[in-house]
Structures are given as C-alpha cells and as structure tokens.
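File shown: coords-v8.pdb (PDB, N, CA and C atoms).
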```pdb
ATOM      1  N   PRO A 272      28.935 -16.818  37.451
ATOM      2  CA  PRO A 272      27.508 -16.896  37.119
ATOM      3  C   PRO A 272      27.300 -17.003  35.616
ATOM      4  N   GLY A 273      26.103 -17.427  35.277
ATOM      5  CA  GLY A 273      25.729 -17.491  33.871
ATOM      6  C   GLY A 273      25.351 -16.119  33.344
ATOM      7  N   ASN A 274      24.758 -16.109  32.163
ATOM      8  CA  ASN A 274      24.308 -14.852  31.550
ATOM      9  C   ASN A 274      23.371 -14.110  32.488
ATOM     10  N   THR A 275      23.699 -12.856  32.740
ATOM     11  CA  THR A 275      22.920 -12.045  33.673
ATOM     12  C   THR A 275      22.517 -10.749  32.990
ATOM     13  N   GLU A 276      21.288 -10.339  33.217
ATOM     14  CA  GLU A 276      20.742  -9.124  32.602
ATOM     15  C   GLU A 276      21.314  -7.897  33.310
ATOM     16  N   THR A 277      22.369  -7.345  32.748
ATOM     17  CA  THR A 277      23.007  -6.140  33.286
ATOM     18  C   THR A 277      23.329  -5.196  32.125
ATOM     19  N   PRO A 278      23.667  -3.958  32.408
ATOM     20  CA  PRO A 278      24.016  -3.020  31.335
ATOM     21  C   PRO A 278      25.481  -3.088  30.916
ATOM     22  N   ILE A 279      26.191  -4.144  31.235
ATOM     23  CA  ILE A 279      27.635  -4.189  30.986
ATOM     24  C   ILE A 279      27.981  -4.042  29.505
ATOM     25  N   LEU A 280      27.180  -4.648  28.617
ATOM     26  CA  LEU A 280      27.507  -4.539  27.192
ATOM     27  C   LEU A 280      27.310  -3.120  26.672
ATOM     28  N   SER A 281      26.267  -2.442  27.127
ATOM     29  CA  SER A 281      26.095  -1.048  26.687
ATOM     30  C   SER A 281      27.170  -0.161  27.297
ATOM     31  N   HIS A 282      27.585  -0.454  28.526
ATOM     32  CA  HIS A 282      28.677   0.312  29.142
ATOM     33  C   HIS A 282      30.000   0.062  28.418
ATOM     34  N   ALA A 283      30.113  -1.106  27.782
ATOM     35  CA  ALA A 283      31.336  -1.426  27.032
ATOM     36  C   ALA A 283      31.313  -0.839  25.624
ATOM     37  N   GLY A 284      30.207  -0.155  25.271
ATOM     38  CA  GLY A 284      30.148   0.532  23.988
ATOM     39  C   GLY A 284      29.429  -0.223  22.879
ATOM     40  N   PHE A 285      28.827  -1.373  23.188
ATOM     41  CA  PHE A 285      28.093  -2.105  22.169
ATOM     42  C   PHE A 285      26.786  -1.383  21.849
ATOM     43  N   SER A 286      26.384  -1.463  20.595
ATOM     44  CA  SER A 286      25.122  -0.839  20.185
ATOM     45  C   SER A 286      23.959  -1.711  20.663
ATOM     46  N   GLU A 287      22.770  -1.111  20.703
ATOM     47  CA  GLU A 287      21.566  -1.866  21.089
ATOM     48  C   GLU A 287      21.344  -3.030  20.135
ATOM     49  N   GLU A 288      21.630  -2.830  18.858
ATOM     50  CA  GLU A 288      21.467  -3.900  17.871
ATOM     51  C   GLU A 288      22.412  -5.060  18.162
ATOM     52  N   ASP A 289      23.661  -4.750  18.513
ATOM     53  CA  ASP A 289      24.632  -5.798  18.846
ATOM     54  C   ASP A 289      24.217  -6.551  20.103
ATOM     55  N   ILE A 290      23.711  -5.824  21.069
ATOM     56  CA  ILE A 290      23.283  -6.446  22.324
ATOM     57  C   ILE A 290      22.095  -7.372  22.071
ATOM     58  N   GLU A 291      21.137  -6.918  21.282
ATOM     59  CA  GLU A 291      19.976  -7.752  20.959
ATOM     60  C   GLU A 291      20.392  -8.987  20.178
ATOM     61  N   ALA A 292      21.337  -8.839  19.264
ATOM     62  CA  ALA A 292      21.828  -9.987  18.487
ATOM     63  C   ALA A 292      22.518 -10.992  19.396
ATOM     64  N   GLN A 293      23.309 -10.493  20.338
ATOM     65  CA  GLN A 293      23.986 -11.398  21.279
ATOM     66  C   GLN A 293      22.964 -12.134  22.125
ATOM     67  N   GLN A 294      21.926 -11.444  22.546
ATOM     68  CA  GLN A 294      20.900 -12.087  23.364
ATOM     69  C   GLN A 294      20.135 -13.136  22.554
ATOM     70  N   ARG A 295      19.803 -12.831  21.314
ATOM     71  CA  ARG A 295      19.107 -13.809  20.461
ATOM     72  C   ARG A 295      19.946 -15.071  20.276
ATOM     73  N   GLN A 296      21.263 -14.907  20.247
ATOM     74  CA  GLN A 296      22.164 -16.045  20.062
ATOM     75  C   GLN A 296      22.359 -16.828  21.355
ATOM     76  N   SER A 297      22.453 -16.159  22.489
ATOM     77  CA  SER A 297      22.804 -16.849  23.737
ATOM     78  C   SER A 297      21.611 -17.418  24.490
ATOM     79  N   VAL A 298      20.486 -16.731  24.499
ATOM     80  CA  VAL A 298      19.343 -17.174  25.300
ATOM     81  C   VAL A 298      18.838 -18.566  24.899
ATOM     82  N   PRO A 299      18.751 -18.914  23.613
ATOM     83  CA  PRO A 299      18.279 -20.260  23.272
ATOM     84  C   PRO A 299      19.172 -21.390  23.811
ATOM     85  N   ARG A 300      20.417 -21.096  24.144
ATOM     86  CA  ARG A 300      21.323 -22.110  24.697
ATOM     87  C   ARG A 300      21.154 -22.286  26.201
ATOM     88  N   ILE A 301      20.345 -21.443  26.829
ATOM     89  CA  ILE A 301      20.098 -21.523  28.269
ATOM     90  C   ILE A 301      18.834 -22.358  28.469
ATOM     91  N   PRO A 302      18.910 -23.488  29.166
ATOM     92  CA  PRO A 302      17.717 -24.318  29.349
ATOM     93  C   PRO A 302      16.509 -23.573  29.922
ATOM     94  N   LEU A 303      16.704 -22.582  30.778
ATOM     95  CA  LEU A 303      15.569 -21.824  31.313
ATOM     96  C   LEU A 303      15.071 -20.756  30.351
ATOM     97  N   ARG A 304      15.765 -20.572  29.219
ATOM     98  CA  ARG A 304      15.374 -19.648  28.151
ATOM     99  C   ARG A 304      15.280 -18.188  28.569
ATOM    100  N   ARG A 305      16.114 -17.801  29.514
ATOM    101  CA  ARG A 305      16.168 -16.400  29.915
ATOM    102  C   ARG A 305      17.486 -16.149  30.626
ATOM    103  N   ARG A 306      17.860 -14.889  30.699
ATOM    104  CA  ARG A 306      19.040 -14.490  31.468
ATOM    105  C   ARG A 306      18.638 -14.331  32.928
ATOM    106  N   ALA A 307      19.598 -14.426  33.802
ATOM    107  CA  ALA A 307      19.336 -14.249  35.234
ATOM    108  C   ALA A 307      19.134 -12.776  35.557
ATOM    109  N   ALA A 308      18.318 -12.534  36.547
ATOM    110  CA  ALA A 308      18.228 -11.194  37.118
ATOM    111  C   ALA A 308      19.391 -11.057  38.102
ATOM    112  N   PRO A 309      19.956  -9.864  38.246
ATOM    113  CA  PRO A 309      21.083  -9.699  39.162
ATOM    114  C   PRO A 309      20.794 -10.201  40.579
ATOM    115  N   ASP A 310      19.559 -10.037  41.061
ATOM    116  CA  ASP A 310      19.271 -10.490  42.427
ATOM    117  C   ASP A 310      19.284 -12.012  42.547
ATOM    118  N   GLU A 311      19.088 -12.737  41.440
ATOM    119  CA  GLU A 311      19.187 -14.197  41.491
ATOM    120  C   GLU A 311      20.628 -14.646  41.715
ATOM    121  N   ILE A 312      21.567 -13.913  41.165
ATOM    122  CA  ILE A 312      22.987 -14.207  41.376
ATOM    123  C   ILE A 312      23.395 -13.748  42.776
ATOM    124  N   ALA A 313      22.975 -12.544  43.147
ATOM    125  CA  ALA A 313      23.339 -11.975  44.451
ATOM    126  C   ALA A 313      22.866 -12.852  45.602
ATOM    127  N   TRP A 314      21.702 -13.475  45.462
ATOM    128  CA  TRP A 314      21.179 -14.333  46.533
ATOM    129  C   TRP A 314      22.184 -15.408  46.897
ATOM    130  N   TRP A 315      22.764 -16.051  45.899
ATOM    131  CA  TRP A 315      23.746 -17.107  46.160
ATOM    132  C   TRP A 315      25.022 -16.552  46.774
ATOM    133  N   VAL A 316      25.495 -15.427  46.280
ATOM    134  CA  VAL A 316      26.709 -14.812  46.820
ATOM    135  C   VAL A 316      26.515 -14.485  48.296
ATOM    136  N   VAL A 317      25.398 -13.862  48.610
ATOM    137  CA  VAL A 317      25.122 -13.473  49.997
ATOM    138  C   VAL A 317      24.980 -14.705  50.891
ATOM    139  N   ASN A 318      24.199 -15.666  50.459
ATOM    140  CA  ASN A 318      23.894 -16.788  51.337
ATOM    141  C   ASN A 318      25.044 -17.769  51.521
ATOM    142  N   VAL A 319      25.889 -17.914  50.532
ATOM    143  CA  VAL A 319      27.021 -18.832  50.712
ATOM    144  C   VAL A 319      28.108 -18.217  51.589
ATOM    145  N   THR A 320      28.043 -16.909  51.819
ATOM    146  CA  THR A 320      29.022 -16.263  52.696
ATOM    147  C   THR A 320      28.494 -16.046  54.114
ATOM    148  N   ARG A 321      27.274 -16.462  54.364
ATOM    149  CA  ARG A 321      26.701 -16.323  55.710
ATOM    150  C   ARG A 321      27.366 -17.308  56.678
ATOM    151  N   PRO A 322      27.431 -16.989  57.947
ATOM    152  CA  PRO A 322      28.024 -17.903  58.925
ATOM    153  C   PRO A 322      27.381 -19.288  58.920
ATOM    154  N   GLU A 323      26.087 -19.345  58.634
ATOM    155  CA  GLU A 323      25.400 -20.636  58.614
ATOM    156  C   GLU A 323      25.895 -21.549  57.494
ATOM    157  N   ALA A 324      26.570 -21.000  56.511
ATOM    158  CA  ALA A 324      27.103 -21.786  55.398
ATOM    159  C   ALA A 324      28.590 -22.090  55.585
ATOM    160  N   SER A 325      29.103 -21.980  56.790
ATOM    161  CA  SER A 325      30.544 -22.110  57.027
ATOM    162  C   SER A 325      31.094 -23.496  56.727
ATOM    163  N   TYR A 326      30.239 -24.491  56.577
ATOM    164  CA  TYR A 326      30.722 -25.835  56.277
ATOM    165  C   TYR A 326      30.846 -26.080  54.772
ATOM    166  N   VAL A 327      30.475 -25.104  53.961
ATOM    167  CA  VAL A 327      30.625 -25.212  52.514
ATOM    168  C   VAL A 327      32.057 -24.831  52.161
ATOM    169  N   THR A 328      32.771 -25.771  51.564
ATOM    170  CA  THR A 328      34.147 -25.496  51.143
ATOM    171  C   THR A 328      34.421 -26.179  49.810
ATOM    172  N   GLY A 329      35.224 -25.541  49.006
ATOM    173  CA  GLY A 329      35.734 -26.147  47.779
ATOM    174  C   GLY A 329      34.693 -26.721  46.842
ATOM    175  N   THR A 330      33.616 -26.033  46.631
ATOM    176  CA  THR A 330      32.601 -26.535  45.710
ATOM    177  C   THR A 330      32.284 -25.501  44.654
ATOM    178  N   VAL A 331      31.766 -25.963  43.543
ATOM    179  CA  VAL A 331      31.308 -25.074  42.486
ATOM    180  C   VAL A 331      29.791 -25.086  42.513
ATOM    181  N   ILE A 332      29.207 -23.935  42.658
ATOM    182  CA  ILE A 332      27.757 -23.805  42.616
ATOM    183  C   ILE A 332      27.423 -23.114  41.311
ATOM    184  N   ARG A 333      26.811 -23.848  40.416
ATOM    185  CA  ARG A 333      26.469 -23.286  39.103
ATOM    186  C   ARG A 333      25.154 -22.530  39.207
ATOM    187  N   VAL A 334      25.222 -21.255  38.963
ATOM    188  CA  VAL A 334      24.038 -20.394  38.939
ATOM    189  C   VAL A 334      23.961 -19.903  37.493
ATOM    190  N   ASP A 335      23.525 -20.804  36.607
ATOM    191  CA  ASP A 335      23.595 -20.520  35.171
ATOM    192  C   ASP A 335      22.361 -20.952  34.380
ATOM    193  N   GLY A 336      21.251 -21.163  35.070
ATOM    194  CA  GLY A 336      20.023 -21.532  34.376
ATOM    195  C   GLY A 336      20.087 -22.877  33.683
ATOM    196  N   GLY A 337      21.046 -23.716  34.087
ATOM    197  CA  GLY A 337      21.194 -25.034  33.500
ATOM    198  C   GLY A 337      22.149 -25.091  32.334
ATOM    199  N   GLN A 338      22.741 -23.976  31.971
ATOM    200  CA  GLN A 338      23.610 -23.915  30.805
ATOM    201  C   GLN A 338      24.850 -24.802  30.954
ATOM    202  N   GLY A 339      25.382 -24.929  32.154
ATOM    203  CA  GLY A 339      26.597 -25.712  32.357
ATOM    204  C   GLY A 339      26.376 -27.197  32.490
ATOM    205  N   THR A 340      25.146 -27.663  32.360
ATOM    206  CA  THR A 340      24.874 -29.085  32.548
ATOM    207  C   THR A 340      24.907 -29.866  31.251
ATOM    208  N   GLY A 341      25.046 -29.181  30.126
ATOM    209  CA  GLY A 341      24.983 -29.868  28.833
ATOM    210  C   GLY A 341      26.295 -30.307  28.303
TER
END
```

Reformat the file's structure so that it appears as structure tokens.
Amino acid sequence: PGNTETPILSHAGFSEEDIEAQQRQSVPRIPLRRRAAPDEIAWWVVNVTRPEASYVTGTVIRVDGGQGTG
C-alpha cells in the first residue's frame, strides 16, 4: 500500500516534528494529496481474499492514491 495514516513512525521513536516534516515532504507527491486511512487499505485486502474474487491471480493492485502512476 501507499502512505497510510498510522502511528508506526511514533511507535518507531520519531518525534512529532520529524513525523510532520515527513508528511509535508511526502503528501505533495501523492496525486490525491492525502495519506490513506487504514480502512481504505483494509477494504482491498479483505475483498481480494473473498471467495468471489477467486479468479484474481498474479496481479498488482495499487492502493496508493495515484502515487505509483507517475
């Protein structure tokens, strides 16, 4: 997945200032201009593993707000 709004950086020991600086640097590179909410990523994980999706094989599904298209 693309950039997702989670507490992972604070759990890794980064300061709030470092986290804000990283966000200021990364968000402008995302065409949707925001990070994903965790449930936006989870939706794809859940639905691609459902029995109804059993014909999906060997594909990359980019859930990155358009960041990987440039």

Quote the spacing between atom N of Ser281 (chain A) and CA of Val319 (chain A) in Å to one decimal place.
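CA of Val319 (chain A) lies 28.7 Å from atom N of Ser281 (chain A).
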
Counting only N, CA and C atoms, which of A:Val334, A:Ala324, A:Ile279, A:Ala292 gets nearest to Ala307 (chain A)?
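Closest to Ala307 (chain A), using only N, CA and C atoms: A:Val334.
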
Please give the complete set of residues from chain A that DSSP, run on the backbone, assigns to alpha helix (DSSP H), formatted as number ranges by chain.
A: 279-282, 287-297, 309-319

Which residues, named as in the file, does the PyMOL selection byres ((chain A and resi 302) around 5) pick out? Answer as an MDAnalysis selection string.
chainID A and resid 300:301 303:304 336:338

What do you get, as a PyMOL selection string, if you spell out every residue that the PyMOL selection byres ((chain A and resi 275) around 6) selects here?
chain A and resi 273-274+276-277+306-309

Selection from above, N, CA and C atoms, as a short mmCIF file (atom, residue, chain, number, x, y, z; two decimals), in the coordinates of the input, can you write it?
```
data_model
loop_
_atom_site.label_atom_id
_atom_site.label_comp_id
_atom_site.auth_asym_id
_atom_site.auth_seq_id
_atom_site.Cartn_x
_atom_site.Cartn_y
_atom_site.Cartn_z
N GLY A 273 26.10 -17.43 35.28
CA GLY A 273 25.73 -17.49 33.87
C GLY A 273 25.35 -16.12 33.34
N ASN A 274 24.76 -16.11 32.16
CA ASN A 274 24.31 -14.85 31.55
C ASN A 274 23.37 -14.11 32.49
N GLU A 276 21.29 -10.34 33.22
CA GLU A 276 20.74 -9.12 32.60
C GLU A 276 21.31 -7.90 33.31
N THR A 277 22.37 -7.34 32.75
CA THR A 277 23.01 -6.14 33.29
C THR A 277 23.33 -5.20 32.12
N ARG A 306 17.86 -14.89 30.70
CA ARG A 306 19.04 -14.49 31.47
C ARG A 306 18.64 -14.33 32.93
N ALA A 307 19.60 -14.43 33.80
CA ALA A 307 19.34 -14.25 35.23
C ALA A 307 19.13 -12.78 35.56
N ALA A 308 18.32 -12.53 36.55
CA ALA A 308 18.23 -11.19 37.12
C ALA A 308 19.39 -11.06 38.10
N PRO A 309 19.96 -9.86 38.25
CA PRO A 309 21.08 -9.70 39.16
C PRO A 309 20.79 -10.20 40.58
#
```

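For the pair CA of Thr340 (chain A) and CA of Ile312 (chain A), the interatomic distance is 17.4 Å.
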
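Atom C of Glu311 (chain A) is found 9.3 Å from atom C of Pro272 (chain A).
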
Point (15.0, -15.8, 23.3), cut-off 9 Å, counting only C-alpha atoms, residues as number ranges by chain:
A: 294-299, 304-305

May I ask you to restore all heavy atoms in region 307-318 of chain A and write the result as a JSON list (two decimals), in the coordinates of the input?
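Saved the output as selection_34.json:
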```json
[["chain", "number", "residue", "atom", "x", "y", "z"],
["A", 307, "ALA", "N", 19.60, -14.43, 33.80],
["A", 307, "ALA", "CA", 19.34, -14.25, 35.23],
["A", 307, "ALA", "C", 19.13, -12.78, 35.56],
["A", 307, "ALA", "O", 19.72, -11.90, 34.92],
["A", 307, "ALA", "CB", 20.51, -14.77, 36.06],
["A", 308, "ALA", "N", 18.32, -12.53, 36.55],
["A", 308, "ALA", "CA", 18.23, -11.19, 37.12],
["A", 308, "ALA", "C", 19.39, -11.06, 38.10],
["A", 308, "ALA", "O", 19.80, -12.04, 38.73],
["A", 308, "ALA", "CB", 16.90, -11.02, 37.84],
["A", 309, "PRO", "N", 19.96, -9.86, 38.25],
["A", 309, "PRO", "CA", 21.08, -9.70, 39.16],
["A", 309, "PRO", "C", 20.79, -10.20, 40.58],
["A", 309, "PRO", "O", 21.68, -10.78, 41.22],
["A", 309, "PRO", "CB", 21.35, -8.19, 39.15],
["A", 309, "PRO", "CG", 20.90, -7.77, 37.79],
["A", 309, "PRO", "CD", 19.69, -8.62, 37.50],
["A", 310, "ASP", "N", 19.56, -10.04, 41.06],
["A", 310, "ASP", "CA", 19.27, -10.49, 42.43],
["A", 310, "ASP", "C", 19.28, -12.01, 42.55],
["A", 310, "ASP", "O", 19.52, -12.55, 43.63],
["A", 310, "ASP", "CB", 17.96, -9.90, 42.94],
["A", 310, "ASP", "CG", 16.75, -10.29, 42.13],
["A", 310, "ASP", "OD1", 16.89, -10.63, 40.94],
["A", 310, "ASP", "OD2", 15.64, -10.25, 42.69],
["A", 311, "GLU", "N", 19.09, -12.74, 41.44],
["A", 311, "GLU", "CA", 19.19, -14.20, 41.49],
["A", 311, "GLU", "C", 20.63, -14.65, 41.72],
["A", 311, "GLU", "O", 20.87, -15.66, 42.38],
["A", 311, "GLU", "CB", 18.65, -14.81, 40.20],
["A", 311, "GLU", "CG", 17.15, -14.65, 40.03],
["A", 311, "GLU", "CD", 16.67, -15.16, 38.71],
["A", 311, "GLU", "OE1", 17.06, -14.59, 37.66],
["A", 311, "GLU", "OE2", 15.89, -16.13, 38.72],
["A", 312, "ILE", "N", 21.57, -13.91, 41.16],
["A", 312, "ILE", "CA", 22.99, -14.21, 41.38],
["A", 312, "ILE", "C", 23.40, -13.75, 42.78],
["A", 312, "ILE", "O", 24.06, -14.48, 43.52],
["A", 312, "ILE", "CB", 23.85, -13.51, 40.31],
["A", 312, "ILE", "CG1", 23.42, -13.91, 38.90],
["A", 312, "ILE", "CG2", 25.33, -13.79, 40.56],
["A", 312, "ILE", "CD1", 23.49, -15.37, 38.57],
["A", 313, "ALA", "N", 22.98, -12.54, 43.15],
["A", 313, "ALA", "CA", 23.34, -11.98, 44.45],
["A", 313, "ALA", "C", 22.87, -12.85, 45.60],
["A", 313, "ALA", "O", 23.57, -12.98, 46.62],
["A", 313, "ALA", "CB", 22.77, -10.57, 44.59],
["A", 314, "TRP", "N", 21.70, -13.48, 45.46],
["A", 314, "TRP", "CA", 21.18, -14.33, 46.53],
["A", 314, "TRP", "C", 22.18, -15.41, 46.90],
["A", 314, "TRP", "O", 22.45, -15.65, 48.08],
["A", 314, "TRP", "CB", 19.84, -14.97, 46.11],
["A", 314, "TRP", "CG", 19.20, -15.72, 47.22],
["A", 314, "TRP", "CD1", 18.30, -15.23, 48.11],
["A", 314, "TRP", "CD2", 19.42, -17.09, 47.58],
["A", 314, "TRP", "NE1", 17.93, -16.21, 49.00],
["A", 314, "TRP", "CE2", 18.61, -17.37, 48.70],
["A", 314, "TRP", "CE3", 20.22, -18.10, 47.08],
["A", 314, "TRP", "CZ2", 18.58, -18.61, 49.31],
["A", 314, "TRP", "CZ3", 20.19, -19.34, 47.68],
["A", 314, "TRP", "CH2", 19.38, -19.58, 48.79],
["A", 315, "TRP", "N", 22.76, -16.05, 45.90],
["A", 315, "TRP", "CA", 23.75, -17.11, 46.16],
["A", 315, "TRP", "C", 25.02, -16.55, 46.77],
["A", 315, "TRP", "O", 25.59, -17.14, 47.70],
["A", 315, "TRP", "CB", 24.05, -17.87, 44.88],
["A", 315, "TRP", "CG", 22.93, -18.77, 44.53],
["A", 315, "TRP", "CD1", 21.92, -18.52, 43.65],
["A", 315, "TRP", "CD2", 22.64, -20.03, 45.11],
["A", 315, "TRP", "NE1", 21.04, -19.56, 43.65],
["A", 315, "TRP", "CE2", 21.46, -20.51, 44.53],
["A", 315, "TRP", "CE3", 23.29, -20.82, 46.07],
["A", 315, "TRP", "CZ2", 20.90, -21.74, 44.87],
["A", 315, "TRP", "CZ3", 22.73, -22.05, 46.40],
["A", 315, "TRP", "CH2", 21.55, -22.49, 45.81],
["A", 316, "VAL", "N", 25.50, -15.43, 46.28],
["A", 316, "VAL", "CA", 26.71, -14.81, 46.82],
["A", 316, "VAL", "C", 26.52, -14.48, 48.30],
["A", 316, "VAL", "O", 27.36, -14.81, 49.14],
["A", 316, "VAL", "CB", 27.09, -13.55, 46.02],
["A", 316, "VAL", "CG1", 28.24, -12.81, 46.68],
["A", 316, "VAL", "CG2", 27.43, -13.92, 44.58],
["A", 317, "VAL", "N", 25.40, -13.86, 48.61],
["A", 317, "VAL", "CA", 25.12, -13.47, 50.00],
["A", 317, "VAL", "C", 24.98, -14.70, 50.89],
["A", 317, "VAL", "O", 25.59, -14.80, 51.96],
["A", 317, "VAL", "CB", 23.85, -12.59, 50.08],
["A", 317, "VAL", "CG1", 23.37, -12.43, 51.51],
["A", 317, "VAL", "CG2", 24.12, -11.24, 49.44],
["A", 318, "ASN", "N", 24.20, -15.67, 50.46],
["A", 318, "ASN", "CA", 23.89, -16.79, 51.34],
["A", 318, "ASN", "C", 25.04, -17.77, 51.52],
["A", 318, "ASN", "O", 25.17, -18.36, 52.58],
["A", 318, "ASN", "CB", 22.62, -17.49, 50.88],
["A", 318, "ASN", "CG", 21.41, -16.69, 51.28],
["A", 318, "ASN", "OD1", 21.07, -16.63, 52.44],
["A", 318, "ASN", "ND2", 20.80, -16.01, 50.33]]
```
